[in-house]
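Take a look at the structure below.
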Amino acid sequence: MTCPDRLPDPLARAIADPKSYADMDSLHQTFAVIRRDHSFARAELPDYAPFWAACKFDDIQSIARQNDVFLSGLGALTPRASAVDLPDQGFRSIVAMNPPDHGKYRVLTQGWLAPKNIRKLEANMRALARRYVERMADAGGELDFVREIAVHYPLLVVMAILGVPDEDEPMMLRLTQEYFGNADEDLTRRGARTPEEIRLGLRETIAEVSAYFRQITEDRRREPADDLASVIANARIDGELMPELDSLGYYITIAFAGHDTTSSSVAGGLWALAERPDQLAKVKADPSLIPGLVEESIRWTTPVQQFTRVAARDADVRGQTVRKGEQVALCFPSGNRDEEIYEDPFEFRVDRSPLRHVAFGYGAHQCLGMHLARMEMTIFWEELLPRLQRVELAGPPRRTVTNFVGGPKTLPVRIEMT
């Protein structure tokens, strides 16, 4: 038996540490070294359970496709000392489910979020996009695109789909940022810093969102409406109403991940265009390139940065044996810069073709809301680009400190609008 390829500790640390993802340029250089020298290797850090790092595009797809061999875990790598196990979380998310439960739960909203069904949302979505484009025009030439535009537009779209009132937007935004940004001192609940403070803050955030959606469930069971909250509240699994822990997990997945990933991708796209006026000119001259801009923005930003899988049995990946019970980290940003898949992977090209990526995941757990995200982004760019004459950075952007779901948290830009 050959010894497994051991990932050097500094490289393993870069994958695991949430702070690495605040400096993606540096992290991408690290991923390039890993792809070249340790394409699939085992990491052993003192403060994390051992894990395998899947950094190649084809390996990520292959592992994600084998959802009966590599079972879904709780999300990103978590230090042993601050791990929040499932009972403490107080909910069970569909992204952490496995067969047979996963299929039963996924089908509940799959039709609702299908392209044919979400087309009916276009008029309202376009009106909302126009409102935020107008805000950009009224900003006086300079604004923080993330804080003033990107976090609001997709959130209000998702809130409308769920059927929750617009006036709850500040609370929903705060809860999302506290949940996904629990390693970021700017976003944690009450500025939590120590592992214990972060753990307690996260529990408080989950308790607050639990109480909110528990009331939504009670309301929709009394008076169902034509919204996704009614679908979740009244869904039945094996003939019984969905358990509360599962319905809460569903709400959190739709409400939080459903907008945060889209806002990150829109912001990442504008950030890229601000640094590349030639690409802005290209897509303005040819609006048929907008779908390409959308896909390239998603690849470029990769807002879901990693998911863990756990081997249900011994399995072979790239000649290495992953033992039953071992973790595998799917490193999506690395897969989306794989030199074997992309020509000039470190270039942002609105006309990149063909363009495939793993930013939405792959296989049975591929993002339920990917069609909605594409539609939101396409409509936003269709409304913005005819009016956007120039954009440049007005200061250094900053990214969220997280190894799970995140992207730009500030994006100061100077713009010229018609």
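Naming scheme: A, B, ... for chains in displayed order of the structure tokens; residues 1 onward per chain; ligands 1 onward as shown.
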* Who sits within 6 Å of range 247-256 of chain A, only C-alpha atoms, same chain under 5 positions skipped, as a list in words -> Phe91, Arg92, Ser93 and Thr176 of chain A
Only C-alpha atoms, please: the residues just picked out, written as a CSV table (one decimal), in the first residue's frame.
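That gives us part-v2.csv:
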chain,number,residue,atom,x,y,z
A,91,PHE,CA,-32.0,22.8,12.2
A,92,ARG,CA,-31.3,20.3,9.5
A,93,SER,CA,-30.4,21.7,6.1
A,176,THR,CA,-27.6,36.4,6.9
* To do: Mind checking which residues fall within 6 Å of Ala129 in chain A, counting only C-alpha atoms, ignoring those fewer than 3 positions away in the same chain, and posting them as an MDAnalysis selection string?
  => chainID A and resid 126 132 380
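When CA of Ala285 in chain A is paired with CA of Glu383 in chain A, their separation reads 14.3 Å.
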* To do: Write out as JSON, numbers by chain all residues of range 107-287 of chain A that DSSP puts in alpha helix (DSSP H) for this structure's backbone.
  => {"A": [107, 108, 109, 110, 115, 116, 117, 118, 122, 123, 124, 125, 126, 127, 128, 129, 130, 131, 132, 133, 134, 135, 136, 137, 145, 153, 154, 155, 156, 157, 158, 159, 160, 161, 162, 169, 170, 171, 172, 173, 174, 175, 176, 177, 178, 179, 180, 195, 196, 197, 198, 199, 200, 201, 202, 203, 204, 205, 206, 207, 208, 209, 210, 211, 212, 213, 214, 215, 216, 217, 218, 219, 220, 221, 222, 228, 229, 230, 231, 232, 233, 244, 245, 246, 247, 248, 249, 250, 251, 252, 258, 259, 260, 261, 262, 263, 264, 265, 266, 267, 268, 269, 270, 271, 272, 273, 274, 275, 277, 278, 279, 280, 281, 282, 283, 284, 285]}
Output the selection as an mmCIF file, in the first residue's frame - C-alpha atoms for each residue.
data_model
loop_
_atom_site.group_PDB
_atom_site.id
_atom_site.type_symbol
_atom_site.label_atom_id
_atom_site.label_comp_id
_atom_site.auth_asym_id
_atom_site.auth_seq_id
_atom_site.Cartn_x
_atom_site.Cartn_y
_atom_site.Cartn_z
ATOM 1 C CA VAL A 107 -38.395 17.713 -5.078
ATOM 2 C CA LEU A 108 -40.626 19.867 -2.865
ATOM 3 C CA THR A 109 -39.355 23.132 -4.368
ATOM 4 C CA GLN A 110 -37.621 21.951 -7.532
ATOM 5 C CA PRO A 115 -37.043 28.170 -15.300
ATOM 6 C CA LYS A 116 -40.594 27.830 -16.637
ATOM 7 C CA ASN A 117 -42.101 28.813 -13.303
ATOM 8 C CA ILE A 118 -39.798 31.661 -12.314
ATOM 9 C CA GLU A 122 -39.594 38.734 -14.426
ATOM 10 C CA ALA A 123 -41.702 41.917 -14.373
ATOM 11 C CA ASN A 124 -41.351 42.468 -10.641
ATOM 12 C CA MET A 125 -37.667 41.532 -10.749
ATOM 13 C CA ARG A 126 -37.027 44.018 -13.546
ATOM 14 C CA ALA A 127 -38.836 46.799 -11.703
ATOM 15 C CA LEU A 128 -36.695 46.124 -8.653
ATOM 16 C CA ALA A 129 -33.504 46.114 -10.736
ATOM 17 C CA ARG A 130 -34.489 49.458 -12.277
ATOM 18 C CA ARG A 131 -35.036 50.901 -8.804
ATOM 19 C CA TYR A 132 -31.490 50.013 -7.784
ATOM 20 C CA VAL A 133 -29.970 51.175 -11.066
ATOM 21 C CA GLU A 134 -31.712 54.486 -10.443
ATOM 22 C CA ARG A 135 -30.168 54.601 -6.976
ATOM 23 C CA MET A 136 -26.775 54.188 -8.582
ATOM 24 C CA ALA A 137 -27.523 57.104 -10.900
ATOM 25 C CA PHE A 145 -21.751 48.964 -4.576
ATOM 26 C CA TYR A 153 -31.565 43.679 -4.796
ATOM 27 C CA PRO A 154 -31.237 39.848 -4.557
ATOM 28 C CA LEU A 155 -32.468 39.836 -0.955
ATOM 29 C CA LEU A 156 -35.674 41.643 -1.858
ATOM 30 C CA VAL A 157 -36.203 39.220 -4.756
ATOM 31 C CA VAL A 158 -35.896 36.220 -2.424
ATOM 32 C CA MET A 159 -38.103 37.843 0.217
ATOM 33 C CA ALA A 160 -40.806 38.381 -2.411
ATOM 34 C CA ILE A 161 -40.560 34.737 -3.449
ATOM 35 C CA LEU A 162 -40.846 33.584 0.156
ATOM 36 C CA GLU A 169 -35.167 43.338 4.976
ATOM 37 C CA PRO A 170 -32.713 44.930 7.477
ATOM 38 C CA MET A 171 -33.252 42.059 9.902
ATOM 39 C CA MET A 172 -32.881 39.399 7.192
ATOM 40 C CA LEU A 173 -29.673 41.016 5.913
ATOM 41 C CA ARG A 174 -28.213 41.200 9.413
ATOM 42 C CA LEU A 175 -29.059 37.568 10.170
ATOM 43 C CA THR A 176 -27.552 36.399 6.871
ATOM 44 C CA GLN A 177 -24.315 38.273 7.484
ATOM 45 C CA GLU A 178 -24.089 37.012 11.072
ATOM 46 C CA TYR A 179 -24.651 33.439 9.905
ATOM 47 C CA PHE A 180 -22.267 33.263 6.940
ATOM 48 C CA PRO A 195 -14.378 30.723 19.380
ATOM 49 C CA GLU A 196 -16.754 30.658 22.352
ATOM 50 C CA GLU A 197 -18.158 34.116 21.541
ATOM 51 C CA ILE A 198 -18.629 33.102 17.917
ATOM 52 C CA ARG A 199 -20.340 29.873 18.949
ATOM 53 C CA LEU A 200 -22.723 31.679 21.288
ATOM 54 C CA GLY A 201 -23.429 34.406 18.743
ATOM 55 C CA LEU A 202 -24.227 31.870 16.059
ATOM 56 C CA ARG A 203 -26.648 30.088 18.380
ATOM 57 C CA GLU A 204 -28.367 33.388 19.148
ATOM 58 C CA THR A 205 -28.650 34.179 15.443
ATOM 59 C CA ILE A 206 -30.169 30.775 14.742
ATOM 60 C CA ALA A 207 -32.582 31.163 17.657
ATOM 61 C CA GLU A 208 -33.732 34.521 16.272
ATOM 62 C CA VAL A 209 -34.253 33.226 12.755
ATOM 63 C CA SER A 210 -35.983 30.120 14.158
ATOM 64 C CA ALA A 211 -38.542 32.224 15.997
ATOM 65 C CA TYR A 212 -39.137 34.313 12.870
ATOM 66 C CA PHE A 213 -39.754 31.405 10.528
ATOM 67 C CA ARG A 214 -41.726 29.470 13.145
ATOM 68 C CA GLN A 215 -44.238 32.320 13.033
ATOM 69 C CA ILE A 216 -44.170 32.304 9.215
ATOM 70 C CA THR A 217 -44.967 28.579 9.260
ATOM 71 C CA GLU A 218 -47.906 29.064 11.612
ATOM 72 C CA ASP A 219 -49.265 31.893 9.449
ATOM 73 C CA ARG A 220 -48.974 29.923 6.194
ATOM 74 C CA ARG A 221 -50.590 26.841 7.658
ATOM 75 C CA ARG A 222 -53.575 28.973 8.692
ATOM 76 C CA LEU A 228 -42.503 29.533 -1.359
ATOM 77 C CA ALA A 229 -43.041 29.879 2.396
ATOM 78 C CA SER A 230 -46.451 28.240 1.953
ATOM 79 C CA VAL A 231 -44.858 25.380 0.019
ATOM 80 C CA ILE A 232 -42.356 24.767 2.825
ATOM 81 C CA ALA A 233 -44.834 25.258 5.671
ATOM 82 C CA GLU A 244 -39.766 21.827 12.305
ATOM 83 C CA LEU A 245 -35.978 21.285 12.268
ATOM 84 C CA ASP A 246 -36.153 20.484 8.566
ATOM 85 C CA SER A 247 -38.495 23.317 7.601
ATOM 86 C CA LEU A 248 -36.232 25.794 9.387
ATOM 87 C CA GLY A 249 -33.249 24.435 7.476
ATOM 88 C CA TYR A 250 -35.171 24.872 4.227
ATOM 89 C CA TYR A 251 -36.058 28.483 5.037
ATOM 90 C CA ILE A 252 -32.443 29.283 5.920
ATOM 91 C CA GLY A 258 -30.544 32.228 -2.017
ATOM 92 C CA HIS A 259 -29.537 35.877 -1.998
ATOM 93 C CA ASP A 260 -26.022 36.070 -0.520
ATOM 94 C CA THR A 261 -24.449 34.060 -3.329
ATOM 95 C CA THR A 262 -26.159 36.182 -5.986
ATOM 96 C CA SER A 263 -25.155 39.480 -4.395
ATOM 97 C CA SER A 264 -21.546 38.265 -4.198
ATOM 98 C CA SER A 265 -21.537 37.268 -7.879
ATOM 99 C CA VAL A 266 -23.017 40.581 -9.048
ATOM 100 C CA ALA A 267 -20.480 42.472 -6.948
ATOM 101 C CA GLY A 268 -17.648 40.269 -8.178
ATOM 102 C CA GLY A 269 -18.686 40.962 -11.757
ATOM 103 C CA LEU A 270 -18.716 44.729 -11.297
ATOM 104 C CA TRP A 271 -15.368 44.563 -9.484
ATOM 105 C CA ALA A 272 -13.892 42.715 -12.467
ATOM 106 C CA LEU A 273 -15.350 45.209 -14.957
ATOM 107 C CA ALA A 274 -14.058 48.148 -12.910
ATOM 108 C CA GLU A 275 -10.545 46.795 -13.369
ATOM 109 C CA PRO A 277 -12.660 48.699 -19.064
ATOM 110 C CA ASP A 278 -12.100 46.700 -22.262
ATOM 111 C CA GLN A 279 -14.466 43.992 -21.015
ATOM 112 C CA LEU A 280 -17.066 46.580 -20.038
ATOM 113 C CA ALA A 281 -16.838 48.136 -23.496
ATOM 114 C CA LYS A 282 -17.166 44.704 -25.109
ATOM 115 C CA VAL A 283 -20.374 43.720 -23.307
ATOM 116 C CA LYS A 284 -21.880 47.198 -23.709
ATOM 117 C CA ALA A 285 -21.287 47.004 -27.457
#
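Here CA of Gly141 in chain A stands at a distance of 18.6 Å from CA of Arg276 in chain A.
The residues of range 187-403 of chain A that DSSP assigns to strand (DSSP E) on this backbone come out as Arg236, Ile237, Glu240, Leu241, Gln306, Phe307, Thr308, Arg309, Val310, Ala311, Ala315, Asp316, Val317, Gln320, Thr321, Val322, Gln327, Val328, Ala329, Leu330, Cys331, Leu388, Gln389, Arg390, Val391, Glu392, Leu393, Arg398 and Arg399 of chain A.
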Would you write out those residues with C-alpha atoms, as a JSON list (two decimals), in the first residue's frame?
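Dumped to result.json:
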[["chain", "number", "residue", "atom", "x", "y", "z"],
["A", 236, "ARG", "CA", -45.38, 16.64, 3.68],
["A", 237, "ILE", "CA", -42.67, 14.01, 3.95],
["A", 240, "GLU", "CA", -46.49, 13.85, 7.61],
["A", 241, "LEU", "CA", -45.89, 17.61, 7.80],
["A", 306, "GLN", "CA", -16.11, 24.84, -0.14],
["A", 307, "PHE", "CA", -18.30, 21.97, 0.96],
["A", 308, "THR", "CA", -17.19, 18.91, 2.82],
["A", 309, "ARG", "CA", -18.10, 15.36, 1.94],
["A", 310, "VAL", "CA", -17.59, 12.27, 4.12],
["A", 311, "ALA", "CA", -16.69, 8.90, 2.62],
["A", 315, "ALA", "CA", -13.02, 5.03, -2.23],
["A", 316, "ASP", "CA", -10.31, 5.77, -4.79],
["A", 317, "VAL", "CA", -9.66, 9.30, -6.04],
["A", 320, "GLN", "CA", -5.37, 7.80, -3.44],
["A", 321, "THR", "CA", -7.51, 5.78, -1.02],
["A", 322, "VAL", "CA", -10.01, 7.81, 0.97],
["A", 327, "GLN", "CA", -13.60, 14.18, 5.10],
["A", 328, "VAL", "CA", -13.06, 15.57, 1.61],
["A", 329, "ALA", "CA", -13.10, 19.33, 1.08],
["A", 330, "LEU", "CA", -14.39, 20.33, -2.36],
["A", 331, "CYS", "CA", -12.43, 23.50, -3.13],
["A", 388, "LEU", "CA", -23.29, 52.65, -17.13],
["A", 389, "GLN", "CA", -20.72, 54.67, -19.06],
["A", 390, "ARG", "CA", -17.71, 54.16, -16.83],
["A", 391, "VAL", "CA", -16.78, 52.43, -13.59],
["A", 392, "GLU", "CA", -13.52, 52.33, -11.65],
["A", 393, "LEU", "CA", -12.48, 51.41, -8.15],
["A", 398, "ARG", "CA", -12.69, 43.98, 0.92],
["A", 399, "ARG", "CA", -13.88, 40.39, 1.05]]
